file protein39.cif (mmCIF, C-alpha atoms and all ligand atoms)
data_protein
loop_
_atom_site.label_atom_id
_atom_site.label_comp_id
_atom_site.auth_asym_id
_atom_site.auth_seq_id
_atom_site.Cartn_x
_atom_site.Cartn_y
_atom_site.Cartn_z
CA VAL A 1 123.15 57.84 184.55
CA PRO A 2 120.03 59.38 183.10
CA PRO A 3 119.26 62.85 184.44
CA ALA A 4 117.16 62.83 187.60
CA GLY A 5 113.49 62.24 187.05
CA THR A 6 113.62 60.90 183.50
CA GLY A 7 112.47 57.40 182.87
CA ARG A 8 112.90 56.33 186.45
CA ALA A 9 109.40 54.93 186.67
CA VAL A 10 110.10 52.68 183.71
CA THR A 11 113.15 51.10 185.28
CA GLN A 12 111.41 50.55 188.60
CA PRO A 13 110.70 46.81 188.91
CA ALA A 14 107.45 45.52 190.40
CA THR A 15 109.21 44.54 193.60
CA ALA A 16 111.17 46.73 195.98
CA PRO A 17 114.36 45.24 197.46
CA VAL A 18 113.67 42.45 199.97
CA SER A 19 114.31 43.30 203.60
CA GLY A 20 117.84 41.86 203.85
CA ASP A 21 118.70 43.79 200.74
CA GLN A 22 117.35 47.00 202.28
CA ARG A 23 120.19 46.77 204.76
CA LEU A 24 122.61 46.19 201.92
CA LEU A 25 121.24 49.29 200.24
CA GLU A 26 121.63 51.36 203.40
CA SER A 27 125.23 50.19 203.73
CA VAL A 28 126.08 51.13 200.14
CA LEU A 29 124.58 54.58 200.60
CA HIS A 30 125.55 55.43 204.17
CA GLY A 31 127.87 52.76 205.56
CA SER A 32 131.32 53.36 206.96
CA ALA A 33 134.17 52.79 204.52
CA GLU A 34 134.57 49.11 205.26
CA THR A 35 130.85 48.29 205.52
CA ARG A 36 130.17 50.18 202.33
CA ARG A 37 132.86 48.43 200.36
CA ARG A 38 131.67 45.04 201.54
CA ALA A 39 128.06 45.89 200.65
CA MET A 40 129.10 47.14 197.20
CA GLY A 41 130.97 43.90 196.67
CA LYS A 42 127.86 41.92 197.59
CA VAL A 43 125.59 43.88 195.26
CA ILE A 44 128.06 43.45 192.40
CA THR A 45 128.31 39.72 193.12
CA LEU A 46 124.52 39.52 192.90
CA LEU A 47 124.45 41.27 189.56
CA GLU A 48 127.22 39.08 188.21
CA SER A 49 125.33 35.95 189.18
CA THR A 50 123.54 33.94 186.51
CA ARG A 51 120.79 32.78 188.91
CA ALA A 52 117.38 34.21 188.10
CA ASP A 53 116.51 35.03 191.74
CA HIS A 54 119.83 36.86 192.13
CA ARG A 55 119.16 38.78 188.94
CA GLU A 56 115.78 39.84 190.31
CA ARG A 57 117.29 41.07 193.58
CA ALA A 58 120.06 42.82 191.65
CA ASP A 59 117.50 44.60 189.45
CA ALA A 60 115.59 45.82 192.49
CA LEU A 61 118.81 46.99 194.14
CA LEU A 62 120.01 48.75 191.00
CA ALA A 63 116.71 50.56 190.58
CA ALA A 64 116.90 51.75 194.18
CA LEU A 65 120.53 52.85 193.80
CA LEU A 66 120.14 54.59 190.45
CA PRO A 67 118.86 57.94 191.81
CA PHE A 68 122.02 58.22 193.91
CA ALA A 69 124.45 57.41 191.10
CA GLU A 70 125.28 60.99 190.19
CA GLY A 71 128.05 63.51 190.06
CA SER A 72 130.84 61.22 188.98
CA ILE A 73 133.34 61.12 186.18
CA ARG A 74 133.99 57.84 184.39
CA LEU A 75 137.41 57.42 182.82
CA GLY A 76 138.34 54.61 180.46
CA ILE A 77 141.99 53.55 180.67
CA SER A 78 143.28 51.35 177.91
CA GLY A 79 146.52 50.25 176.31
CA VAL A 80 148.48 47.18 175.26
CA PRO A 81 149.70 44.72 177.92
CA GLY A 82 152.73 46.08 179.73
CA VAL A 83 152.14 49.73 178.75
CA GLY A 84 151.71 50.53 182.44
CA LYS A 85 147.95 50.69 183.05
CA SER A 86 148.09 49.24 186.55
CA THR A 87 151.04 51.41 187.54
CA PHE A 88 149.22 54.43 186.10
CA ILE A 89 146.01 53.67 187.97
CA GLU A 90 147.87 53.15 191.23
CA ALA A 91 149.63 56.52 190.87
CA LEU A 92 146.51 58.38 189.75
CA GLY A 93 144.31 56.69 192.34
CA LEU A 94 146.65 57.54 195.20
CA MET A 95 146.82 61.17 194.11
CA LEU A 96 143.03 61.37 193.91
CA VAL A 97 142.31 59.80 197.29
CA ALA A 98 144.82 62.25 198.77
CA LYS A 99 142.71 65.04 197.23
CA GLY A 100 139.65 63.60 198.97
CA HIS A 101 138.10 61.75 196.04
CA ARG A 102 136.70 58.26 196.26
CA VAL A 103 138.14 56.11 193.50
CA ALA A 104 136.64 52.92 192.05
CA VAL A 105 138.57 50.70 189.65
CA LEU A 106 136.75 48.21 187.45
CA ALA A 107 137.91 46.13 184.51
CA VAL A 108 136.52 44.91 181.23
CA ASP A 109 138.50 41.86 180.25
CA PRO A 110 136.64 39.37 178.09
CA SER A 111 139.70 37.13 177.95
CA SER A 112 139.75 36.52 181.69
CA GLY A 113 137.39 33.55 181.42
CA VAL A 114 139.73 31.84 179.02
CA THR A 115 143.06 32.59 180.64
CA GLY A 116 141.75 32.26 184.18
CA GLY A 117 143.17 35.59 185.29
CA ALA A 118 141.43 38.95 185.22
CA ILE A 119 143.34 42.16 184.49
CA LEU A 120 143.02 43.23 188.07
CA GLY A 121 143.58 39.75 189.41
CA ASP A 122 147.19 40.78 189.69
CA LYS A 123 146.86 43.54 192.23
CA THR A 124 150.57 43.75 192.92
CA ARG A 125 150.86 47.08 191.12
CA MET A 126 147.93 48.53 193.02
CA GLU A 127 149.11 47.38 196.39
CA ARG A 128 148.70 50.68 198.14
CA LEU A 129 145.54 51.75 196.38
CA SER A 130 143.78 48.44 196.97
CA VAL A 131 144.01 48.80 200.76
CA HIS A 132 143.08 52.47 200.85
CA PRO A 133 139.68 53.06 202.55
CA GLN A 134 138.63 55.53 199.83
CA ALA A 135 139.37 53.08 197.03
CA PHE A 136 137.33 50.19 195.69
CA ILE A 137 138.92 47.74 193.27
CA ARG A 138 136.97 45.04 191.54
CA PRO A 139 138.39 42.58 189.00
CA SER A 140 136.62 41.83 185.76
CA PRO A 141 133.73 39.38 186.05
CA SER A 142 135.11 36.08 184.85
CA GLY A 143 133.78 34.18 181.89
CA GLY A 144 131.13 35.10 179.43
CA THR A 145 131.09 37.08 176.24
CA LEU A 146 132.32 40.64 175.90
CA GLY A 147 128.67 41.76 175.90
CA GLY A 148 128.05 39.94 179.17
CA VAL A 149 131.20 41.23 180.81
CA SER A 150 130.54 44.81 179.77
CA GLU A 151 126.92 44.65 180.92
CA LYS A 152 128.11 43.67 184.40
CA THR A 153 130.73 46.39 184.39
CA ARG A 154 128.24 49.05 183.35
CA GLU A 155 126.02 48.04 186.25
CA ALA A 156 128.94 47.89 188.66
CA ILE A 157 129.74 51.51 187.69
CA LEU A 158 126.29 52.54 188.94
CA VAL A 159 126.80 50.68 192.22
CA CYS A 160 130.14 52.46 192.76
CA GLU A 161 128.61 55.83 192.02
CA ALA A 162 125.76 55.23 194.43
CA GLY A 163 128.42 54.37 197.01
CA GLY A 164 129.78 57.89 196.56
CA TYR A 165 132.75 56.98 194.39
CA ASP A 166 133.13 60.09 192.28
CA VAL A 167 135.97 58.89 190.06
CA VAL A 168 135.39 55.58 188.30
CA LEU A 169 138.30 54.13 186.34
CA VAL A 170 137.51 51.36 183.88
CA GLU A 171 140.57 49.48 182.67
CA THR A 172 140.81 47.36 179.57
CA VAL A 173 143.45 45.77 177.38
CA GLY A 174 143.95 47.17 173.94
CA THR A 175 141.86 44.84 171.84
CA GLY A 176 139.55 46.60 169.41
CA GLN A 177 136.24 45.32 170.73
CA SER A 178 136.84 45.78 174.43
CA GLU A 179 138.24 49.24 173.73
CA SER A 180 135.06 50.41 172.06
CA ALA A 181 133.02 48.76 174.82
CA VAL A 182 134.91 50.81 177.41
CA ALA A 183 134.78 54.00 175.33
CA GLY A 184 131.02 53.36 175.18
CA MET A 185 130.59 53.34 178.95
CA THR A 186 132.89 56.17 180.00
CA ASP A 187 132.82 59.97 179.83
CA MET A 188 136.43 60.23 178.76
CA TYR A 189 138.53 57.62 177.05
CA CYS A 190 142.28 57.64 177.73
CA LEU A 191 144.72 55.63 175.69
CA LEU A 192 148.14 54.77 177.07
CA GLN A 193 150.92 54.45 174.50
CA LEU A 194 154.53 53.37 174.64
CA PRO A 195 157.07 55.99 173.58
CA ASN A 196 158.05 54.14 170.42
CA ALA A 197 155.34 55.57 168.20
CA GLY A 198 157.75 57.84 166.33
CA ASP A 199 159.75 54.87 165.07
CA ASP A 200 157.07 52.30 164.78
CA LEU A 201 153.90 53.56 163.17
CA GLN A 202 152.38 50.11 163.51
CA ALA A 203 152.42 50.62 167.24
CA ILE A 204 149.47 52.93 166.87
CA LYS A 205 146.23 51.46 165.77
CA ARG A 206 144.22 54.08 164.02
CA GLY A 207 140.98 52.70 165.43
CA SER A 208 141.87 53.15 169.05
CA LEU A 209 143.42 56.55 168.44
CA GLU A 210 140.16 57.78 166.98
CA LEU A 211 138.30 56.80 170.13
CA ALA A 212 140.72 58.61 172.41
CA ASP A 213 139.92 61.86 174.20
CA LEU A 214 143.36 61.86 175.74
CA VAL A 215 146.53 60.01 174.77
CA VAL A 216 149.16 59.39 177.41
CA VAL A 217 152.69 58.56 176.28
CA ASN A 218 153.83 56.54 179.28
CA LYS A 219 157.36 55.54 180.32
CA ALA A 220 158.67 58.92 179.21
CA ASP A 221 161.37 58.45 181.86
CA ILE A 222 163.02 55.73 179.77
CA ASP A 223 163.68 57.83 176.67
CA ALA A 224 162.68 61.48 176.73
CA ALA A 225 163.56 62.04 173.08
CA ALA A 226 161.43 59.12 171.92
CA ALA A 227 158.54 60.27 174.09
CA GLY A 228 158.74 63.76 172.59
CA LYS A 229 158.74 62.34 169.10
CA ALA A 230 155.78 60.12 169.90
CA GLN A 231 153.88 63.05 171.36
CA ALA A 232 154.45 65.13 168.22
CA TYR A 233 153.53 62.29 165.89
CA ILE A 234 150.36 61.33 167.74
CA GLY A 235 149.41 64.99 168.08
CA ALA A 236 149.65 65.40 164.32
CA ALA A 237 147.54 62.29 163.75
CA LEU A 238 144.88 63.55 166.16
CA ARG A 239 144.74 66.96 164.48
CA LEU A 240 144.21 65.19 161.19
CA PHE A 241 141.11 63.39 162.55
CA GLY A 242 139.89 66.64 164.09
CA ALA A 243 140.28 68.52 160.82
CA TYR A 244 137.20 66.79 159.43
CA ASP A 245 135.09 67.93 162.31
CA ALA A 246 133.07 70.99 161.32
CA ASP A 247 132.10 72.22 164.78
CA ALA A 248 135.33 71.24 166.49
CA GLN A 249 135.66 74.77 167.86
CA HIS A 250 133.24 74.22 170.70
CA ARG A 251 134.27 70.69 171.33
CA TRP A 252 137.01 68.98 173.20
CA ARG A 253 139.96 68.17 170.98
CA ALA A 254 142.01 65.16 171.92
CA GLU A 255 145.34 65.94 173.55
CA VAL A 256 148.62 64.07 174.03
CA LEU A 257 150.62 64.13 177.25
CA GLN A 258 153.92 62.70 178.31
CA PHE A 259 153.84 60.65 181.44
CA SER A 260 155.80 58.43 183.76
CA ALA A 261 153.61 56.18 185.83
CA LEU A 262 156.68 54.91 187.61
CA ASN A 263 157.61 58.23 189.20
CA GLY A 264 154.30 60.04 188.84
CA GLU A 265 155.60 62.65 186.40
CA GLY A 266 152.83 64.31 184.42
CA ILE A 267 150.10 63.27 186.81
CA GLU A 268 149.05 66.83 187.68
CA SER A 269 148.76 67.83 184.02
CA PHE A 270 146.82 64.65 183.37
CA TRP A 271 144.27 65.49 186.03
CA GLN A 272 144.09 69.11 184.88
CA ALA A 273 143.26 67.85 181.39
CA VAL A 274 140.50 65.67 182.84
CA GLU A 275 139.07 68.64 184.70
CA ARG A 276 139.22 70.87 181.62
CA PHE A 277 137.54 68.14 179.62
CA ALA A 278 134.75 67.69 182.16
CA GLU A 279 134.15 71.44 182.43
CA LEU A 280 134.00 71.97 178.69
CA GLN A 281 131.81 68.93 178.07
CA ARG A 282 129.43 69.85 180.89
CA SER A 283 129.04 73.44 179.77
CA SER A 284 128.44 72.47 176.15
CA GLY A 285 125.99 69.74 177.12
CA ALA A 286 128.18 67.11 175.44
CA PHE A 287 128.79 65.35 178.74
CA GLN A 288 125.10 64.67 179.36
CA ALA A 289 124.45 63.94 175.69
CA ARG A 290 127.15 61.28 175.67
CA ARG A 291 125.70 59.58 178.73
CA ARG A 292 122.19 59.70 177.29
CA SER A 293 123.23 58.13 174.03
CA GLN A 294 125.30 55.54 175.90
CA SER A 295 122.28 54.58 178.01
CA LEU A 296 120.12 54.24 174.93
CA SER A 297 122.62 52.16 173.00
CA TRP A 298 123.09 50.03 176.07
CA MET A 299 119.36 49.41 176.20
CA TRP A 300 119.23 48.45 172.53
CA GLU A 301 122.32 46.31 172.82
CA ARG A 302 120.65 44.32 175.59
CA ILE A 303 117.40 44.06 173.62
CA ASP A 304 119.25 42.87 170.53
CA SER A 305 121.17 40.33 172.53
CA ARG A 306 118.13 38.93 174.38
CA LEU A 307 116.08 38.83 171.19
CA ARG A 308 118.84 36.94 169.47
CA ASP A 309 119.01 34.40 172.31
CA HIS A 310 115.26 34.04 172.17
CA PHE A 311 115.39 33.66 168.41
CA THR A 312 118.14 31.05 168.26
CA GLY A 313 116.53 29.15 171.12
CA HIS A 314 113.11 29.00 169.45
CA PRO A 315 112.26 25.37 168.53
CA ALA A 316 111.01 26.14 165.02
CA VAL A 317 114.13 28.16 164.31
CA ARG A 318 116.52 25.72 165.94
CA GLU A 319 115.10 22.91 163.84
CA VAL A 320 116.46 24.39 160.60
CA LEU A 321 119.08 26.90 161.72
CA GLN A 322 122.15 24.76 161.21
CA GLN A 323 121.06 23.51 157.82
CA THR A 324 119.99 26.97 156.67
CA SER A 325 123.29 28.47 157.81
CA ALA A 326 125.18 25.83 155.86
CA ALA A 327 123.11 26.55 152.76
CA VAL A 328 123.80 30.29 153.04
CA ALA A 329 127.51 29.64 153.56
CA ALA A 330 127.55 27.35 150.52
CA GLY A 331 125.77 29.95 148.45
CA THR A 332 122.78 27.76 147.58
CA VAL A 333 120.33 30.00 149.45
CA SER A 334 120.54 33.78 149.58
CA ALA A 335 121.16 35.37 152.95
CA SER A 336 118.08 37.54 152.78
CA ALA A 337 115.77 34.70 151.77
CA ALA A 338 117.15 32.60 154.62
CA ALA A 339 116.63 35.43 157.10
CA ARG A 340 113.04 35.94 155.92
CA GLU A 341 112.27 32.25 156.25
CA LEU A 342 113.80 32.00 159.72
CA LEU A 343 111.96 35.10 160.91
CA ARG A 344 108.71 33.72 159.48
CA ARG A 345 109.22 30.52 161.50
CA PHE A 346 109.99 32.55 164.62
CA ALA A 347 106.89 34.71 164.23
CA SER A 348 104.29 32.17 163.12
CA SER A 349 104.90 29.14 165.28
CA GLY A 350 103.58 29.03 168.84
CA ARG A 351 106.08 29.12 171.69
N1 LIG B 401 160.31 52.92 183.37
C1 LIG B 401 159.00 52.84 183.52
N2 LIG B 401 158.43 51.65 183.73
C2 LIG B 401 157.09 51.61 183.90
C3 LIG B 401 156.27 52.77 183.84
N3 LIG B 401 155.00 52.41 184.03
C4 LIG B 401 155.00 51.08 184.19
N4 LIG B 401 156.26 50.59 184.12
C5 LIG B 401 156.67 49.18 184.24
O1 LIG B 401 156.12 48.44 183.16
C6 LIG B 401 155.75 47.14 183.59
C7 LIG B 401 154.28 46.88 183.25
O2 LIG B 401 153.48 47.76 184.01
P1 LIG B 401 151.96 47.44 184.36
O3 LIG B 401 151.46 48.60 185.13
O4 LIG B 401 151.81 46.10 184.97
O5 LIG B 401 151.34 47.40 182.92
P2 LIG B 401 149.85 47.01 182.47
O6 LIG B 401 149.52 47.84 181.30
O7 LIG B 401 148.94 47.05 183.64
O8 LIG B 401 150.07 45.52 182.00
P3 LIG B 401 148.94 44.36 181.85
O9 LIG B 401 148.16 44.33 183.12
O10 LIG B 401 149.76 43.14 181.61
O11 LIG B 401 148.11 44.72 180.66
C8 LIG B 401 156.05 47.07 185.07
O12 LIG B 401 157.30 46.43 185.24
C9 LIG B 401 156.12 48.53 185.49
O13 LIG B 401 156.94 48.73 186.58
C10 LIG B 401 156.93 54.03 183.61
O14 LIG B 401 156.32 55.09 183.54
N5 LIG B 401 158.29 53.99 183.45
MG MG B 402 147.73 45.58 184.60
#

call {"tool": "encode", "arguments": {"input": "protein39.cif", "output": "C-alpha cells"}}
result
Amino acid sequence: VPPAGTGRAVTQPATAPVSGDQRLLESVLHGSAETRRRAMGKVITLLESTRADHRERADALLAALLPFAEGSIRLGISGVPGVGKSTFIEALGLMLVAKGHRVAVLAVDPSSGVTGGAILGDKTRMERLSVHPQAFIRPSPSGGTLGGVSEKTREAILVCEAGGYDVVLVETVGTGQSESAVAGMTDMYCLLQLPNAGDDLQAIKRGSLELADLVVVNKADIDAAAAGKAQAYIGAALRLFGAYDADAQHRWRAEVLQFSALNGEGIESFWQAVERFAELQRSSGAFQARRRSQSLSWMWERIDSRLRDHFTGHPAVREVLQQTSAAVAAGTVSASAAARELLRRFASSGR
C-alpha cells in the first residue's frame, strides 16, 4: 500500500464503480462479518476473472478500496509440503482472532491449475479458522502462470486490508519461484522447516533461507533434540549471511524459533517476534521502504509482462519469431542481432 496521498490520482481509473458495485464497496468497508466476507469474495472473483468488463469493474473497485487498505501486517508463510503450514496457520489464526485481530489467509500456488487442487483447497486443517467470523480464507486462483497468480493474490491482499483484515497470511509451497513471489508481496517472510536440518543439510535450501526474516522449526514435539540442533545450525547459517551486511545493527536480523503447530507451543514467542519485527521496521522506515519498492517492482513486472505479450502477439514479430528463435538456438544468428531485428519489426510496422 503506497502511503496515503501519493500517486492515488494516477491509479484512479476514468470510471468510478458502477452502482451495483458501490453497494459491494460499502459492504467490504462497513458490512457485518458475513456480508463483508461475501462482498470481499465477490470483488476477488471479479479481479480473478479474465473478462475485460470484469477487469474494468475490478480496477474501479480496487482504486476505491486502496485508500482504506492500511494498517496491516502481511506475513508470508512457506515451507515444503507436509511441514505443517496449514496446521500452523490454523493455530496462529485462532490465537489472533481471540486477540481481536481479523485474519485473512491467501495462497500463491502456481501448481494448482495443473494438479486441480489449490493449497487451501484442503481446508481440513483450518476447520475452525475457516468458520470463524473474523477470518477470511481464500484458495489460490486456479490456473495461469505464477505471474498471473501472484498478481491476483497481491490485489486480493488489498481487498482484505480494505475489509479491515489487519493480519494477512500468504501461504506458499517451497518452490524457489513462488517463494520469492511471496517474499516480494509480504512485510515479513517466515520459513517453516522440519527438525531434521542438523542431520540433513540438503533439507535447507540456501536460497529460501536467505529470503527468510524468521525461520520456524516446526514439529519440535516429535524430537526436541533434533529441533534444538536444527535451530542452532540454521541460526549459524543466518548469522553467516548477516555478517556481510554492513549496517545490520539497525536492521532486523533473522531469527530461528522452535515450534509445534500441533499443540501450539511457541506460538506466543512467534507473535512476539512478529511484533518486534514490525516495530523495528516501522521505526527505521524499512517497513514503508519495503512496501514502496514492492509496489514499484510490481508495476514494472506488470509492464514487462504486458509488453512481452504485446510484442509476441505483434503480427510482424510473430511472422518470424519461431524461425528466429530456432536460428538463435542453433547458433547461426547471434542473440543480440536477433533481438535488434525483432524489436525493429515491432517498432516500425503499423499495428
Ligand atoms: N507432530 C506434529 N505433527 C504436525 C505438526 N504440525 C503439523 N503436523 C502434522 O503434519 C502433517 C502435515 O501438516 P499440514 O499442516 O497439512 O502441512 P502443510 O505444510 O500444510 O502441507 P501441504 O499443504 O501439503 O503443503 C499433518 O498430519 C499434521 O497433523 C507439529 O507441530 N507436530
Ligand atoms: Mg497445507

call {"tool": "closest_residue", "arguments": {"input": "protein39.cif", "among": "A:Ser19, A:Asn263, A:Ser72, A:Thr332", "to": "A:Met188", "atoms": "all atoms listed in the file"}}
result
A:Ser72

call {"tool": "closest_residue", "arguments": {"input": "protein39.cif", "among": "A:Arg276, A:Lys42, A:Arg102, A:Arg239", "to": "A:Ser27", "atoms": "all atoms listed in the file"}}
result
A:Lys42

call {"tool": "residues_near_point", "arguments": {"input": "protein39.cif", "point": "(127.3, 40.2, 183.9)", "cutoff": "12 Å", "atoms": "all atoms listed in the file", "output": "number ranges by chain"}}
result
A: 44-51, 54-55, 58, 108-110, 140-156, 302

call {"tool": "closest_residue", "arguments": {"input": "protein39.cif", "among": "A:Leu94, A:Met185, A:Ala326, A:Ala16", "to": "A:Glu56", "atoms": "all atoms listed in the file"}}
result
A:Ala16

call {"tool": "residues_around", "arguments": {"input": "protein39.cif", "residues": "A:Pro133", "least_positions_apart": "5", "cutoff": "12 Å", "atoms": "all atoms listed in the file", "output": "list in words"}}
result
Ser32, Ala33, Glu34, Thr35, Arg36, Arg37, Arg38, Gly93, Leu94, Val97, Ala98, Gly100, His101, Arg102, Val103, Ala104, Arg128 and Tyr165 of chain A

call {"tool": "residues_near_ligand", "arguments": {"input": "protein39.cif", "ligand": "ligand LIG 401 (chain B)", "cutoff": "7 Å", "atoms": "all atoms listed in the file", "output": "PDB file with C-alpha atoms, keeping the file's coordinate frame"}}
result
ATOM      1  CA  GLY A  79     146.520  50.250 176.310  1.00  0.00           C
ATOM      2  CA  VAL A  80     148.480  47.180 175.260  1.00  0.00           C
ATOM      3  CA  PRO A  81     149.700  44.720 177.920  1.00  0.00           C
ATOM      4  CA  GLY A  82     152.730  46.080 179.730  1.00  0.00           C
ATOM      5  CA  VAL A  83     152.140  49.730 178.750  1.00  0.00           C
ATOM      6  CA  GLY A  84     151.710  50.530 182.440  1.00  0.00           C
ATOM      7  CA  LYS A  85     147.950  50.690 183.050  1.00  0.00           C
ATOM      8  CA  SER A  86     148.090  49.240 186.550  1.00  0.00           C
ATOM      9  CA  THR A  87     151.040  51.410 187.540  1.00  0.00           C
ATOM     10  CA  PHE A  88     149.220  54.430 186.100  1.00  0.00           C
ATOM     11  CA  ILE A 119     143.340  42.160 184.490  1.00  0.00           C
ATOM     12  CA  ARG A 125     150.860  47.080 191.120  1.00  0.00           C
ATOM     13  CA  VAL A 173     143.450  45.770 177.380  1.00  0.00           C
ATOM     14  CA  ASN A 218     153.830  56.540 179.280  1.00  0.00           C
ATOM     15  CA  LYS A 219     157.360  55.540 180.320  1.00  0.00           C
ATOM     16  CA  ALA A 220     158.670  58.920 179.210  1.00  0.00           C
ATOM     17  CA  ASP A 221     161.370  58.450 181.860  1.00  0.00           C
ATOM     18  CA  ILE A 222     163.020  55.730 179.770  1.00  0.00           C
ATOM     19  CA  PHE A 259     153.840  60.650 181.440  1.00  0.00           C
ATOM     20  CA  SER A 260     155.800  58.430 183.760  1.00  0.00           C
ATOM     21  CA  ALA A 261     153.610  56.180 185.830  1.00  0.00           C
ATOM     22  CA  LEU A 262     156.680  54.910 187.610  1.00  0.00           C
ATOM     23  CA  ASN A 263     157.610  58.230 189.200  1.00  0.00           C
TER      24      ASN A 263
END

call {"tool": "closest_residue", "arguments": {"input": "protein39.cif", "among": "A:Gly285, A:Pro195, A:Gly164, A:Pro139", "to": "ligand MG 402 (chain B)", "atoms": "all atoms listed in the file"}}
result
A:Pro139

call {"tool": "closest_residue", "arguments": {"input": "protein39.cif", "among": "A:Leu65, A:Thr172, A:Leu25, A:Leu92", "to": "ligand MG 402 (chain B)", "atoms": "only C-alpha atoms and all ligand atoms"}}
result
A:Thr172

call {"tool": "closest_residue", "arguments": {"input": "protein39.cif", "among": "A:Leu129, A:Leu169, A:Val43, A:Ala254", "to": "A:Thr186", "atoms": "all atoms listed in the file"}}
result
A:Leu169

call {"tool": "residues_around", "arguments": {"input": "protein39.cif", "residues": "A:Ala273", "least_positions_apart": "3", "cutoff": "10 Å", "atoms": "all atoms listed in the file", "output": "PyMOL selection string"}}
result
chain A and resi 213-214+254-257+267-270+276-279

call {"tool": "residues_around", "arguments": {"input": "protein39.cif", "residues": "A:Gln294", "least_positions_apart": "3", "cutoff": "12 Å", "atoms": "only C-alpha atoms", "output": "list in words"}}
result
Val1, Pro2, Arg154, Ser180, Ala181, Val182, Ala183, Gly184, Met185, Thr186, Asp187, Ala286, Phe287, Gln288, Ala289, Arg290, Arg291, Ser297, Trp298, Met299, Trp300 and Glu301 of chain A

call {"tool": "atom_distance", "arguments": {"input": "protein39.cif", "atom1": "atom CA of A:Ala212", "atom2": "atom CA of A:Tyr189"}}
result
5.2 Å

call {"tool": "atom_distance", "arguments": {"input": "protein39.cif", "atom1": "atom CA of A:Gly266", "atom2": "atom CA of A:Glu70"}}
result
28.3 Å

call {"tool": "atom_distance", "arguments": {"input": "protein39.cif", "atom1": "atom CA of A:Leu96", "atom2": "atom CA of A:Leu66"}}
result
24.1 Å

call {"tool": "residues_around", "arguments": {"input": "protein39.cif", "residues": "A:Gly228", "least_positions_apart": "5", "cutoff": "9 Å", "atoms": "only C-alpha atoms", "output": "short mmCIF file (atom, residue, chain, number, x, y, z; two decimals) with C-alpha atoms, in the frame of the given file"}}
result
data_model
loop_
_atom_site.label_atom_id
_atom_site.label_comp_id
_atom_site.auth_asym_id
_atom_site.auth_seq_id
_atom_site.Cartn_x
_atom_site.Cartn_y
_atom_site.Cartn_z
CA PRO A 195 157.07 55.99 173.58
CA GLY A 198 157.75 57.84 166.33
CA VAL A 217 152.69 58.56 176.28
CA ALA A 220 158.67 58.92 179.21
CA ASP A 223 163.68 57.83 176.67
CA TYR A 233 153.53 62.29 165.89
CA GLN A 258 153.92 62.70 178.31
#

call {"tool": "residues_around", "arguments": {"input": "protein39.cif", "residues": "A:Gly163", "least_positions_apart": "6", "cutoff": "8 Å", "atoms": "only C-alpha atoms", "output": "list in words"}}
result
Val28, Leu29, His30, Arg36, Met40 and Ala69 of chain A

call {"tool": "residues_near_point", "arguments": {"input": "protein39.cif", "point": "(137.9, 61.1, 183.1)", "cutoff": "6 Å", "atoms": "all atoms listed in the file", "output": "list of chain:residue names"}}
result
A:Ile73, A:Arg74, A:Leu75, A:Met188, A:Val274
